[in-house]
>>> print(open('entry05.cif').read())   # mmCIF, C-alpha atoms and all ligand atoms
data_data
loop_
_atom_site.label_atom_id
_atom_site.label_comp_id
_atom_site.auth_asym_id
_atom_site.auth_seq_id
_atom_site.Cartn_x
_atom_site.Cartn_y
_atom_site.Cartn_z
CA MET A 1041 41.27 -11.98 14.82
CA ASN A 1042 37.94 -10.71 16.13
CA ARG A 1043 35.12 -9.13 14.08
CA LYS A 1044 36.24 -5.54 14.74
CA GLU A 1045 39.81 -6.30 13.72
CA PHE A 1046 38.56 -8.09 10.61
CA LEU A 1047 36.38 -5.14 9.53
CA SER A 1048 39.17 -2.72 10.32
CA MET A 1049 41.50 -4.72 8.11
CA LEU A 1050 39.00 -4.40 5.27
CA GLY A 1051 38.60 -0.71 5.93
CA ILE A 1052 34.95 -1.11 6.72
CA GLY A 1053 33.45 0.65 9.71
CA ALA A 1054 30.00 0.52 11.20
CA ALA A 1055 28.85 3.49 9.13
CA ALA A 1056 29.83 1.74 5.93
CA ILE A 1057 27.90 -1.33 6.95
CA ALA A 1058 24.86 0.78 7.81
CA GLY A 1059 25.15 2.54 4.46
CA ALA A 1060 25.42 -0.76 2.64
CA TYR A 1061 22.18 -1.90 4.24
CA CYS A 1062 20.37 0.83 2.30
CA PHE A 1063 22.53 0.54 -0.80
CA GLY A 1064 20.50 1.00 -3.91
CA GLY A 1065 17.33 2.54 -2.78
CA CYS A 1066 16.56 3.67 0.73
CA LYS A 1067 14.64 6.90 0.81
CA SER A 1068 13.66 9.02 3.72
CA ASN A 1069 10.34 8.28 5.38
CA ASP A 1070 7.16 9.54 3.74
CA SER A 1071 8.89 10.66 0.55
CA THR A 1072 6.57 9.15 -2.01
CA SER A 1073 4.94 10.86 -4.95
CA ALA A 1074 1.59 12.54 -4.56
CA PRO A 1075 -1.47 10.28 -4.63
CA PRO A 1076 -3.91 10.60 -7.55
CA SER A 1077 -6.03 13.74 -7.47
CA GLY A 1078 -9.15 14.75 -9.36
CA VAL A 1079 -10.22 11.14 -9.36
CA ASP A 1080 -13.55 10.23 -10.93
CA PHE A 1081 -14.09 6.96 -12.73
CA THR A 1082 -16.64 4.18 -12.78
CA LEU A 1083 -16.07 0.45 -12.67
CA ASP A 1084 -18.51 -1.97 -14.28
CA LEU A 1085 -18.76 -4.79 -11.77
CA SER A 1086 -20.24 -7.09 -14.43
CA ASP A 1087 -16.97 -6.79 -16.40
CA PRO A 1088 -14.80 -9.90 -15.83
CA ALA A 1089 -11.80 -7.57 -15.33
CA ASN A 1090 -13.44 -6.41 -12.10
CA SER A 1091 -14.68 -9.82 -10.94
CA ALA A 1092 -12.49 -9.72 -7.81
CA LEU A 1093 -14.88 -7.09 -6.46
CA LYS A 1094 -17.83 -9.47 -6.57
CA ALA A 1095 -16.71 -11.24 -3.41
CA ASN A 1096 -15.94 -9.91 0.04
CA GLY A 1097 -12.19 -9.68 0.48
CA GLY A 1098 -11.44 -9.06 -3.20
CA TYR A 1099 -9.59 -6.09 -4.60
CA ILE A 1100 -8.29 -4.60 -7.84
CA TYR A 1101 -5.87 -1.83 -8.84
CA LYS A 1102 -6.99 0.96 -11.15
CA ASN A 1103 -5.55 4.40 -11.94
CA GLY A 1104 -3.13 4.38 -8.99
CA ILE A 1105 -5.85 3.33 -6.57
CA ILE A 1106 -6.65 0.06 -4.85
CA ILE A 1107 -10.36 -0.64 -4.67
CA ALA A 1108 -11.39 -3.36 -2.24
CA ARG A 1109 -14.58 -5.03 -1.15
CA THR A 1110 -13.99 -5.51 2.53
CA VAL A 1111 -14.85 -8.59 4.54
CA ASN A 1112 -17.93 -6.61 5.63
CA GLY A 1113 -19.02 -6.04 2.02
CA ALA A 1114 -18.18 -2.32 1.87
CA TYR A 1115 -16.38 -0.86 -1.12
CA VAL A 1116 -13.36 1.22 -0.15
CA ALA A 1117 -10.70 2.95 -2.22
CA VAL A 1118 -7.30 4.35 -1.23
CA SER A 1119 -4.06 5.25 -2.95
CA LEU A 1120 -2.11 2.07 -3.73
CA VAL A 1121 1.24 3.73 -2.97
CA CYS A 1122 2.54 3.15 0.54
CA THR A 1123 3.41 6.45 2.16
CA HIS A 1124 6.62 5.03 3.60
CA GLN A 1125 8.75 4.30 0.54
CA GLY A 1126 6.27 3.80 -2.23
CA SER A 1127 5.65 0.07 -2.43
CA THR A 1128 2.25 -1.21 -3.49
CA VAL A 1129 -0.18 -2.08 -0.73
CA TYR A 1130 -2.73 -4.88 -0.94
CA TYR A 1131 -5.96 -5.61 0.90
CA ASP A 1132 -5.58 -8.17 3.66
CA PRO A 1133 -9.01 -9.65 4.41
CA GLY A 1134 -7.68 -11.49 7.47
CA GLY A 1135 -6.98 -8.19 9.18
CA ASN A 1136 -9.53 -6.11 7.23
CA ARG A 1137 -6.75 -3.66 6.41
CA PHE A 1138 -4.32 -2.58 3.73
CA HIS A 1139 -0.87 -4.08 4.15
CA CYS A 1140 2.47 -3.07 2.67
CA PRO A 1141 4.71 -6.09 2.21
CA ALA A 1142 7.90 -4.02 1.93
CA HIS A 1143 8.34 -3.12 5.60
CA GLY A 1144 5.08 -4.17 7.23
CA SER A 1145 3.03 -1.00 7.50
CA ASN A 1146 -0.69 -1.52 7.96
CA PHE A 1147 -3.49 0.89 7.16
CA ALA A 1148 -7.15 0.82 8.15
CA THR A 1149 -9.79 0.71 5.43
CA ASP A 1150 -10.10 4.50 5.72
CA GLY A 1151 -6.38 4.80 4.93
CA SER A 1152 -5.28 5.77 8.44
CA VAL A 1153 -2.05 4.28 9.77
CA ILE A 1154 -2.45 1.30 12.09
CA ASN A 1155 1.28 0.79 12.40
CA GLY A 1156 4.41 2.06 10.67
CA PRO A 1157 7.02 2.54 9.62
CA ALA A 1158 4.68 4.64 7.46
CA GLY A 1159 3.77 7.81 9.30
CA SER A 1160 1.15 9.22 6.95
CA PRO A 1161 -2.23 7.85 5.89
CA LEU A 1162 -3.10 6.58 2.43
CA ALA A 1163 -5.26 9.03 0.48
CA LYS A 1164 -8.86 7.90 0.64
CA TYR A 1165 -11.41 8.17 -2.15
CA ASN A 1166 -15.19 8.00 -2.13
CA THR A 1167 -17.15 5.13 -3.58
CA ALA A 1168 -20.78 4.96 -4.66
CA LEU A 1169 -22.53 1.83 -5.91
CA SER A 1170 -25.44 2.06 -8.34
CA GLY A 1171 -26.55 -1.27 -9.73
CA THR A 1172 -23.39 -2.82 -11.12
CA SER A 1173 -21.60 0.52 -11.48
CA LEU A 1174 -19.11 1.49 -8.82
CA ARG A 1175 -18.02 5.12 -8.95
CA VAL A 1176 -14.66 6.02 -7.39
CA TYR A 1177 -14.10 9.73 -6.89
CA SER A 1178 -12.24 12.40 -4.92
S1 LIG A 1201 7.30 0.95 1.63
FE1 LIG A 1201 7.99 0.61 3.67
S2 LIG A 1201 6.23 -0.06 4.73
FE2 LIG A 1201 5.53 0.37 2.73
#
>>> encode(input="entry05.cif", output="structure tokens")
Amino acid sequence: MNRKEFLSMLGIGAAAIAGAYCFGGCKSNDSTSAPPSGVDFTLDLSDPANSALKANGGYIYKNGIIIARTVNGAYVAVSLVCTHQGSTVYYDPGGNRFHCPAHGSNFATDGSVINGPAGSPLAKYNTALSGTSLRVYS
């Protein structure tokens, strides 16, 4: 008995197998919830909770946003929700980019898509450093 005969015997066709691949959670592309809007908060960089931002390559999550200190020392902030299917991105200092581990999308530090499957950019937020206070705002 070959593979086709075996699947036929089980009553399983190619469409069923394809459907099973996405069983339990595939969504269409770019169907995530809206990124945070009206953003305006300040991080105290002297607070131990924000200590990851003291070194280049560090990042934290706050209020639906990932705030990173890039390998070049710049503070950047984008929505933490991948625009493909909603997984959480992280900052990858090796590539100086945001990476989604779910399906491999990469985003530049300005949120633009480097490669998919995501087809839409991450929402970008402004940052302003004053002393040890880092403001993140729309
Ligand atoms: S959820 Fe699929 S690449 Fe991010």
>>> closest_residue(input="entry05.cif", among="A:Tyr1130, A:Tyr1115, A:Tyr1177, A:Tyr1165", to="ligand LIG 1201 (chain A)", atoms="all atoms listed in the file")
A:Tyr1130
>>> closest_atom_pairs(input="entry05.cif", of="chain A", to="ligand LIG 1201 (chain A)", cutoff="8 Å", atoms="all atoms listed in the file", output="CSV")
residue,atom,partner,partner_atom,distance
A:Val1121,CA,A:LIG1201,FE2,7.9
A:Cys1122,CA,A:LIG1201,FE2,4.6
A:Thr1123,CA,A:LIG1201,FE2,6.5
A:His1124,CA,A:LIG1201,S1,4.6
A:Gln1125,CA,A:LIG1201,S1,3.8
A:Gly1126,CA,A:LIG1201,S1,4.9
A:Ser1127,CA,A:LIG1201,S1,4.5
A:Thr1128,CA,A:LIG1201,FE2,7.2
A:Val1129,CA,A:LIG1201,FE2,7.1
A:His1139,CA,A:LIG1201,FE2,7.9
A:Cys1140,CA,A:LIG1201,FE2,4.6
A:Pro1141,CA,A:LIG1201,FE2,6.5
A:Ala1142,CA,A:LIG1201,FE1,4.9
A:His1143,CA,A:LIG1201,S2,3.8
A:Gly1144,CA,A:LIG1201,S2,4.9
A:Ser1145,CA,A:LIG1201,S2,4.3
A:Asn1146,CA,A:LIG1201,S2,7.8
A:Gly1156,CA,A:LIG1201,S2,6.6
A:Pro1157,CA,A:LIG1201,S2,5.6
A:Ala1158,CA,A:LIG1201,S2,5.7
>>> write_last_selection(input="entry05.cif", atoms="C-alpha atoms", output="PDB file, keeping the file's coordinate frame")
ATOM      1  CA  VAL A1121       1.240   3.730  -2.970  1.00  0.00           C
ATOM      2  CA  CYS A1122       2.540   3.150   0.540  1.00  0.00           C
ATOM      3  CA  THR A1123       3.410   6.450   2.160  1.00  0.00           C
ATOM      4  CA  HIS A1124       6.620   5.030   3.600  1.00  0.00           C
ATOM      5  CA  GLN A1125       8.750   4.300   0.540  1.00  0.00           C
ATOM      6  CA  GLY A1126       6.270   3.800  -2.230  1.00  0.00           C
ATOM      7  CA  SER A1127       5.650   0.070  -2.430  1.00  0.00           C
ATOM      8  CA  THR A1128       2.250  -1.210  -3.490  1.00  0.00           C
ATOM      9  CA  VAL A1129      -0.180  -2.080  -0.730  1.00  0.00           C
ATOM     10  CA  HIS A1139      -0.870  -4.080   4.150  1.00  0.00           C
ATOM     11  CA  CYS A1140       2.470  -3.070   2.670  1.00  0.00           C
ATOM     12  CA  PRO A1141       4.710  -6.090   2.210  1.00  0.00           C
ATOM     13  CA  ALA A1142       7.900  -4.020   1.930  1.00  0.00           C
ATOM     14  CA  HIS A1143       8.340  -3.120   5.600  1.00  0.00           C
ATOM     15  CA  GLY A1144       5.080  -4.170   7.230  1.00  0.00           C
ATOM     16  CA  SER A1145       3.030  -1.000   7.500  1.00  0.00           C
ATOM     17  CA  ASN A1146      -0.690  -1.520   7.960  1.00  0.00           C
ATOM     18  CA  GLY A1156       4.410   2.060  10.670  1.00  0.00           C
ATOM     19  CA  PRO A1157       7.020   2.540   9.620  1.00  0.00           C
ATOM     20  CA  ALA A1158       4.680   4.640   7.460  1.00  0.00           C
TER      21      ALA A1158
END
>>> residues_around(input="entry05.cif", residues="range 1160-1162 of chain A", least_positions_apart="5", cutoff="9 Å", atoms="only C-alpha atoms", output="PyMOL selection string")
chain A and resi 1070+1075+1118-1124+1147-1148+1150-1153
>>> closest_residue(input="entry05.cif", among="A:Thr1110, A:Ser1178, A:Ser1173, A:Asn1155", to="Asp1084 in chain A", atoms="only C-alpha atoms")
A:Ser1173
>>> atom_distance(input="entry05.cif", atom1="CA of Thr1172 in chain A", atom2="CA of Leu1085 in chain A")
5.1 Å
>>> closest_residue(input="entry05.cif", among="A:Tyr1099, A:Ile1105, A:Thr1167, A:Ala1074", to="Arg1137 in chain A", atoms="all atoms listed in the file")
A:Tyr1099
>>> closest_residue(input="entry05.cif", among="A:Asn1136, A:Ser1170, A:Ser1073, A:Ser1086", to="Arg1109 in chain A", atoms="all atoms listed in the file")
A:Asn1136
>>> decode(input="entry05.cif", residues="range 1104-1116 of chain A", atoms="N, CA and C atoms", output="tab-separated table (two decimals), in the first residue's frame")
chain	number	residue	atom	x	y	z
A	1104	GLY	N	2.46	47.19	26.25
A	1104	GLY	CA	2.26	46.72	24.88
A	1104	GLY	C	3.34	47.15	23.91
A	1105	ILE	N	4.42	47.67	24.46
A	1105	ILE	CA	5.50	48.21	23.62
A	1105	ILE	C	6.82	47.57	24.05
A	1106	ILE	N	7.68	47.33	23.08
A	1106	ILE	CA	9.04	46.90	23.40
A	1106	ILE	C	9.94	48.12	23.22
A	1107	ILE	N	10.70	48.39	24.27
A	1107	ILE	CA	11.64	49.50	24.25
A	1107	ILE	C	13.04	48.89	24.28
A	1108	ALA	N	13.85	49.25	23.32
A	1108	ALA	CA	15.19	48.67	23.23
A	1108	ALA	C	16.24	49.76	23.19
A	1109	ARG	N	17.41	49.41	23.71
A	1109	ARG	CA	18.59	50.25	23.51
A	1109	ARG	C	19.42	49.49	22.48
A	1110	THR	N	19.51	50.05	21.31
A	1110	THR	CA	20.14	49.33	20.21
A	1110	THR	C	21.64	49.15	20.44
A	1111	VAL	N	22.25	48.36	19.59
A	1111	VAL	CA	23.69	48.16	19.68
A	1111	VAL	C	24.44	49.46	19.43
A	1112	ASN	N	23.76	50.45	18.84
A	1112	ASN	CA	24.37	51.76	18.60
A	1112	ASN	C	24.07	52.74	19.73
A	1113	GLY	N	23.32	52.29	20.74
A	1113	GLY	CA	23.05	53.14	21.90
A	1113	GLY	C	21.80	53.99	21.77
A	1114	ALA	N	21.04	53.83	20.69
A	1114	ALA	CA	19.81	54.61	20.52
A	1114	ALA	C	18.65	53.91	21.21
A	1115	TYR	N	17.75	54.70	21.76
A	1115	TYR	CA	16.53	54.13	22.34
A	1115	TYR	C	15.45	54.12	21.27
A	1116	VAL	N	14.84	52.96	21.07
A	1116	VAL	CA	13.77	52.82	20.08
A	1116	VAL	C	12.61	52.10	20.74
